file coords_23.pdb (PDB, C-alpha atoms, pLDDT in the B column)
ATOM      1  CA  MET A1186     -50.590 -55.310  87.392  1.00 56.00           C
ATOM      2  CA  VAL A1187     -50.100 -55.066  83.634  1.00 61.00           C
ATOM      3  CA  SER A1188     -50.003 -51.587  82.173  1.00 65.00           C
ATOM      4  CA  THR A1189     -52.655 -50.840  79.548  1.00 72.00           C
ATOM      5  CA  THR A1190     -50.584 -48.090  77.975  1.00 75.00           C
ATOM      6  CA  PRO A1191     -48.922 -49.464  74.821  1.00 79.00           C
ATOM      7  CA  THR A1192     -45.142 -49.377  74.771  1.00 80.00           C
ATOM      8  CA  PRO A1193     -43.794 -47.455  71.791  1.00 85.00           C
ATOM      9  CA  LEU A1194     -42.149 -49.716  69.241  1.00 84.00           C
ATOM     10  CA  PRO A1195     -38.487 -49.208  68.471  1.00 86.00           C
ATOM     11  CA  SER A1196     -37.790 -47.510  65.161  1.00 88.00           C
ATOM     12  CA  SER A1197     -34.653 -49.420  64.154  1.00 91.00           C
ATOM     13  CA  PRO A1198     -35.043 -52.730  62.305  1.00 90.00           C
ATOM     14  CA  GLY A1199     -32.498 -54.447  64.538  1.00 93.00           C
ATOM     15  CA  ALA A1200     -34.352 -53.470  67.697  1.00 92.00           C
ATOM     16  CA  LEU A1201     -37.658 -54.584  66.158  1.00 91.00           C
ATOM     17  CA  ARG A1202     -36.114 -57.923  65.195  1.00 94.00           C
ATOM     18  CA  ASP A1203     -34.795 -58.384  68.739  1.00 92.00           C
ATOM     19  CA  LEU A1204     -38.218 -57.524  70.163  1.00 92.00           C
ATOM     20  CA  VAL A1205     -39.951 -60.032  67.889  1.00 93.00           C
ATOM     21  CA  LEU A1206     -37.407 -62.755  68.694  1.00 95.00           C
ATOM     22  CA  ASP A1207     -37.842 -62.090  72.412  1.00 95.00           C
ATOM     23  CA  LEU A1208     -41.628 -62.319  72.091  1.00 95.00           C
ATOM     24  CA  LEU A1209     -41.360 -65.538  70.078  1.00 97.00           C
ATOM     25  CA  GLN A1210     -39.068 -67.045  72.707  1.00 97.00           C
ATOM     26  CA  LYS A1211     -41.499 -66.117  75.502  1.00 97.00           C
ATOM     27  CA  GLN A1212     -44.401 -67.576  73.519  1.00 97.00           C
ATOM     28  CA  GLN A1213     -42.515 -70.835  72.933  1.00 97.00           C
ATOM     29  CA  GLN A1214     -41.658 -71.039  76.617  1.00 97.00           C
ATOM     30  CA  LYS A1215     -45.310 -70.565  77.597  1.00 97.00           C
ATOM     31  CA  GLU A1216     -46.408 -73.194  75.072  1.00 97.00           C
ATOM     32  CA  SER A1217     -43.796 -75.593  76.448  1.00 96.00           C
ATOM     33  CA  GLU A1218     -44.996 -74.989  80.013  1.00 96.00           C
ATOM     34  CA  LEU A1219     -48.602 -75.514  78.920  1.00 97.00           C
ATOM     35  CA  ALA A1220     -47.705 -78.767  77.150  1.00 96.00           C
ATOM     36  CA  GLU A1221     -45.853 -79.972  80.257  1.00 96.00           C
ATOM     37  CA  HIS A1222     -48.802 -79.074  82.466  1.00 97.00           C
ATOM     38  CA  THR A1223     -51.215 -80.834  80.106  1.00 97.00           C
ATOM     39  CA  LEU A1224     -49.034 -83.955  80.150  1.00 96.00           C
ATOM     40  CA  HIS A1225     -48.937 -83.846  83.956  1.00 97.00           C
ATOM     41  CA  ILE A1226     -52.746 -83.636  84.088  1.00 97.00           C
ATOM     42  CA  ALA A1227     -53.065 -86.530  81.621  1.00 97.00           C
ATOM     43  CA  ARG A1228     -50.767 -88.653  83.794  1.00 97.00           C
ATOM     44  CA  GLN A1229     -52.814 -87.816  86.881  1.00 97.00           C
ATOM     45  CA  GLU A1230     -56.054 -88.717  85.094  1.00 97.00           C
ATOM     46  CA  ALA A1231     -54.550 -92.031  83.964  1.00 97.00           C
ATOM     47  CA  LEU A1232     -53.448 -92.779  87.520  1.00 97.00           C
ATOM     48  CA  ILE A1233     -56.920 -91.963  88.852  1.00 98.00           C
ATOM     49  CA  ALA A1234     -58.521 -94.213  86.225  1.00 98.00           C
ATOM     50  CA  GLN A1235     -56.127 -97.012  87.176  1.00 98.00           C
ATOM     51  CA  LYS A1236     -56.972 -96.610  90.863  1.00 98.00           C
ATOM     52  CA  ASP A1237     -60.716 -96.531  90.088  1.00 98.00           C
ATOM     53  CA  GLN A1238     -60.335 -99.789  88.173  1.00 98.00           C
ATOM     54  CA  TYR A1239     -58.409-101.327  91.079  1.00 98.00           C
ATOM     55  CA  ILE A1240     -61.144-100.245  93.513  1.00 98.00           C
ATOM     56  CA  ALA A1241     -63.858-101.709  91.276  1.00 98.00           C
ATOM     57  CA  VAL A1242     -62.044-105.059  91.100  1.00 98.00           C
ATOM     58  CA  ARG A1243     -61.495-104.990  94.857  1.00 98.00           C
ATOM     59  CA  ASP A1244     -65.170-104.267  95.518  1.00 98.00           C
ATOM     60  CA  GLU A1245     -66.235-107.103  93.193  1.00 98.00           C
ATOM     61  CA  THR A1246     -63.855-109.478  94.986  1.00 98.00           C
ATOM     62  CA  ILE A1247     -65.206-108.436  98.387  1.00 98.00           C
ATOM     63  CA  ALA A1248     -68.811-108.938  97.237  1.00 98.00           C
ATOM     64  CA  ARG A1249     -67.979-112.360  95.789  1.00 98.00           C
ATOM     65  CA  LEU A1250     -66.205-113.430  98.996  1.00 98.00           C
ATOM     66  CA  GLU A1251     -69.075-112.172 101.162  1.00 97.00           C
ATOM     67  CA  ASN A1252     -71.493-114.177  99.017  1.00 97.00           C
ATOM     68  CA  THR A1253     -69.299-117.280  99.371  1.00 96.00           C
ATOM     69  CA  VAL A1254     -69.122-116.844 103.159  1.00 95.00           C
ATOM     70  CA  ALA A1255     -72.913-116.476 103.343  1.00 92.00           C
ATOM     71  CA  LYS A1256     -73.388-119.688 101.306  1.00 92.00           C
ATOM     72  CA  LEU A1257     -70.897-121.544 103.496  1.00 91.00           C
ATOM     73  CA  GLN A1258     -72.646-120.332 106.650  1.00 89.00           C
ATOM     74  CA  ARG A1259     -76.011-121.529 105.319  1.00 88.00           C
ATOM     75  CA  TRP A1260     -74.466-124.853 104.368  1.00 87.00           C
ATOM     76  CA  ARG A1261     -72.642-125.211 107.715  1.00 86.00           C
ATOM     77  CA  PHE A1262     -75.443-124.147 110.034  1.00 83.00           C
ATOM     78  CA  GLY A1263     -78.526-124.561 107.860  1.00 79.00           C
ATOM     79  CA  ARG A1264     -81.831-125.038 109.666  1.00 65.00           C
ATOM     80  CA  ARG A1265     -80.153-125.886 112.962  1.00 62.00           C
ATOM     81  CA  SER A1266     -79.426-122.244 113.555  1.00 57.00           C
ATOM     82  CA  GLU A1267     -83.117-121.456 113.075  1.00 56.00           C
ATOM     83  CA  HIS A1268     -84.100-123.887 115.862  1.00 54.00           C
ATOM     84  CA  LEU A1269     -82.081-121.970 118.423  1.00 50.00           C
TER
END

call {"tool": "encode", "arguments": {"input": "coords_23.pdb", "output": "structure tokens"}}
result
Amino acid sequence: MVSTTPTPLPSSPGALRDLVLDLLQKQQQKESELAEHTLHIARQEALIAQKDQYIAVRDETIARLENTVAKLQRWRFGRRSEHL
């Protein structure tokens, strides 16, 4: 748990400079981690979009082939199948 009591600032300029540099380094590290995480999410979203597109093409192909099979069955069996 993070303490809510403020830490007293150092009084010497050198210590203040070191504190500021340390905070800047931590901030840059967090920004770098956030950018990496954002890039990872973007890659995942692109992969999902690619898979969705593949599934859509696959479904269209299946529907077209089912339609072709139905036409061929009607052509092959036609009315003769109705007489049975």

call {"tool": "atom_distance", "arguments": {"input": "coords_23.pdb", "atom1": "CA of Thr1192 in chain A", "atom2": "CA of Ala1220 in chain A"}}
result
29.6 Å

call {"tool": "atom_distance", "arguments": {"input": "coords_23.pdb", "atom1": "CA of Leu1209 in chain A", "atom2": "CA of Pro1195 in chain A"}}
result
16.7 Å

call {"tool": "atom_distance", "arguments": {"input": "coords_23.pdb", "atom1": "CA of Leu1194 in chain A", "atom2": "CA of Lys1211 in chain A"}}
result
17.6 Å

call {"tool": "axis_aligned_box", "arguments": {"input": "coords_23.pdb", "around": "range 1247-1263 of chain A", "padding_each_side": "4 Å", "output": "lines of an AutoDock Vina configuration file"}}
result
center_x = -71.9
center_y = -116.8
center_z = 102.9
size_x = 21.3
size_y = 24.8
size_z = 22.2

call {"tool": "build_atoms", "arguments": {"input": "coords_23.pdb", "residues": "range 1196-1207 of chain A", "atoms": "all heavy atoms", "output": "mmCIF file, in the coordinates of the input"}}
result
data_model
loop_
_atom_site.group_PDB
_atom_site.id
_atom_site.type_symbol
_atom_site.label_atom_id
_atom_site.label_comp_id
_atom_site.auth_asym_id
_atom_site.auth_seq_id
_atom_site.Cartn_x
_atom_site.Cartn_y
_atom_site.Cartn_z
ATOM 1 N N SER A 1196 -37.772 -47.919 66.568
ATOM 2 C CA SER A 1196 -37.790 -47.510 65.161
ATOM 3 C C SER A 1196 -36.736 -48.232 64.320
ATOM 4 O O SER A 1196 -36.881 -48.344 63.107
ATOM 5 C CB SER A 1196 -37.602 -45.996 65.050
ATOM 6 O OG SER A 1196 -36.379 -45.629 65.652
ATOM 7 N N SER A 1197 -35.706 -48.761 64.936
ATOM 8 C CA SER A 1197 -34.653 -49.420 64.154
ATOM 9 C C SER A 1197 -35.040 -50.871 63.862
ATOM 10 O O SER A 1197 -35.630 -51.551 64.703
ATOM 11 C CB SER A 1197 -33.319 -49.364 64.897
ATOM 12 O OG SER A 1197 -33.346 -50.240 65.998
ATOM 13 N N PRO A 1198 -34.712 -51.349 62.675
ATOM 14 C CA PRO A 1198 -35.043 -52.730 62.305
ATOM 15 C C PRO A 1198 -34.388 -53.763 63.221
ATOM 16 O O PRO A 1198 -35.000 -54.778 63.552
ATOM 17 C CB PRO A 1198 -34.513 -52.866 60.876
ATOM 18 C CG PRO A 1198 -34.403 -51.478 60.362
ATOM 19 C CD PRO A 1198 -34.145 -50.617 61.541
ATOM 20 N N GLY A 1199 -33.181 -53.506 63.646
ATOM 21 C CA GLY A 1199 -32.498 -54.447 64.538
ATOM 22 C C GLY A 1199 -33.211 -54.582 65.873
ATOM 23 O O GLY A 1199 -33.370 -55.677 66.409
ATOM 24 N N ALA A 1200 -33.641 -53.450 66.417
ATOM 25 C CA ALA A 1200 -34.352 -53.470 67.697
ATOM 26 C C ALA A 1200 -35.709 -54.152 67.545
ATOM 27 O O ALA A 1200 -36.153 -54.891 68.435
ATOM 28 C CB ALA A 1200 -34.508 -52.053 68.231
ATOM 29 N N LEU A 1201 -36.374 -53.914 66.409
ATOM 30 C CA LEU A 1201 -37.658 -54.584 66.158
ATOM 31 C C LEU A 1201 -37.473 -56.099 66.046
ATOM 32 O O LEU A 1201 -38.260 -56.882 66.582
ATOM 33 C CB LEU A 1201 -38.299 -54.047 64.876
ATOM 34 C CG LEU A 1201 -38.990 -52.696 64.973
ATOM 35 C CD1 LEU A 1201 -39.401 -52.216 63.591
ATOM 36 C CD2 LEU A 1201 -40.197 -52.791 65.887
ATOM 37 N N ARG A 1202 -36.408 -56.494 65.339
ATOM 38 C CA ARG A 1202 -36.114 -57.923 65.195
ATOM 39 C C ARG A 1202 -35.871 -58.545 66.563
ATOM 40 O O ARG A 1202 -36.389 -59.621 66.875
ATOM 41 C CB ARG A 1202 -34.908 -58.120 64.280
ATOM 42 C CG ARG A 1202 -34.570 -59.582 64.029
ATOM 43 C CD ARG A 1202 -33.412 -59.756 63.043
ATOM 44 N NE ARG A 1202 -32.261 -58.895 63.311
ATOM 45 C CZ ARG A 1202 -31.284 -59.189 64.186
ATOM 46 N NH1 ARG A 1202 -31.331 -60.295 64.875
ATOM 47 N NH2 ARG A 1202 -30.280 -58.355 64.367
ATOM 48 N N ASP A 1203 -35.078 -57.877 67.394
ATOM 49 C CA ASP A 1203 -34.795 -58.384 68.739
ATOM 50 C C ASP A 1203 -36.072 -58.497 69.567
ATOM 51 O O ASP A 1203 -36.267 -59.470 70.298
ATOM 52 C CB ASP A 1203 -33.788 -57.484 69.452
ATOM 53 C CG ASP A 1203 -32.401 -57.549 68.831
ATOM 54 O OD1 ASP A 1203 -32.130 -58.510 68.069
ATOM 55 O OD2 ASP A 1203 -31.593 -56.630 69.107
ATOM 56 N N LEU A 1204 -36.951 -57.508 69.434
ATOM 57 C CA LEU A 1204 -38.218 -57.524 70.163
ATOM 58 C C LEU A 1204 -39.079 -58.707 69.720
ATOM 59 O O LEU A 1204 -39.633 -59.438 70.554
ATOM 60 C CB LEU A 1204 -38.969 -56.206 69.959
ATOM 61 C CG LEU A 1204 -40.341 -56.092 70.638
ATOM 62 C CD1 LEU A 1204 -40.194 -56.155 72.150
ATOM 63 C CD2 LEU A 1204 -41.042 -54.815 70.209
ATOM 64 N N VAL A 1205 -39.159 -58.917 68.423
ATOM 65 C CA VAL A 1205 -39.951 -60.032 67.889
ATOM 66 C C VAL A 1205 -39.365 -61.367 68.337
ATOM 67 O O VAL A 1205 -40.092 -62.277 68.756
ATOM 68 C CB VAL A 1205 -40.048 -59.952 66.347
ATOM 69 C CG1 VAL A 1205 -40.636 -61.219 65.766
ATOM 70 C CG2 VAL A 1205 -40.880 -58.747 65.934
ATOM 71 N N LEU A 1206 -38.052 -61.505 68.261
ATOM 72 C CA LEU A 1206 -37.407 -62.755 68.694
ATOM 73 C C LEU A 1206 -37.645 -63.013 70.175
ATOM 74 O O LEU A 1206 -37.887 -64.146 70.587
ATOM 75 C CB LEU A 1206 -35.910 -62.711 68.380
ATOM 76 C CG LEU A 1206 -35.537 -62.774 66.906
ATOM 77 C CD1 LEU A 1206 -34.021 -62.616 66.729
ATOM 78 C CD2 LEU A 1206 -36.011 -64.074 66.286
ATOM 79 N N ASP A 1207 -37.583 -61.962 70.978
ATOM 80 C CA ASP A 1207 -37.842 -62.090 72.412
ATOM 81 C C ASP A 1207 -39.279 -62.538 72.665
ATOM 82 O O ASP A 1207 -39.533 -63.432 73.481
ATOM 83 C CB ASP A 1207 -37.565 -60.764 73.117
ATOM 84 C CG ASP A 1207 -37.737 -60.865 74.620
ATOM 85 O OD1 ASP A 1207 -37.151 -61.801 75.226
ATOM 86 O OD2 ASP A 1207 -38.475 -60.019 75.183
#
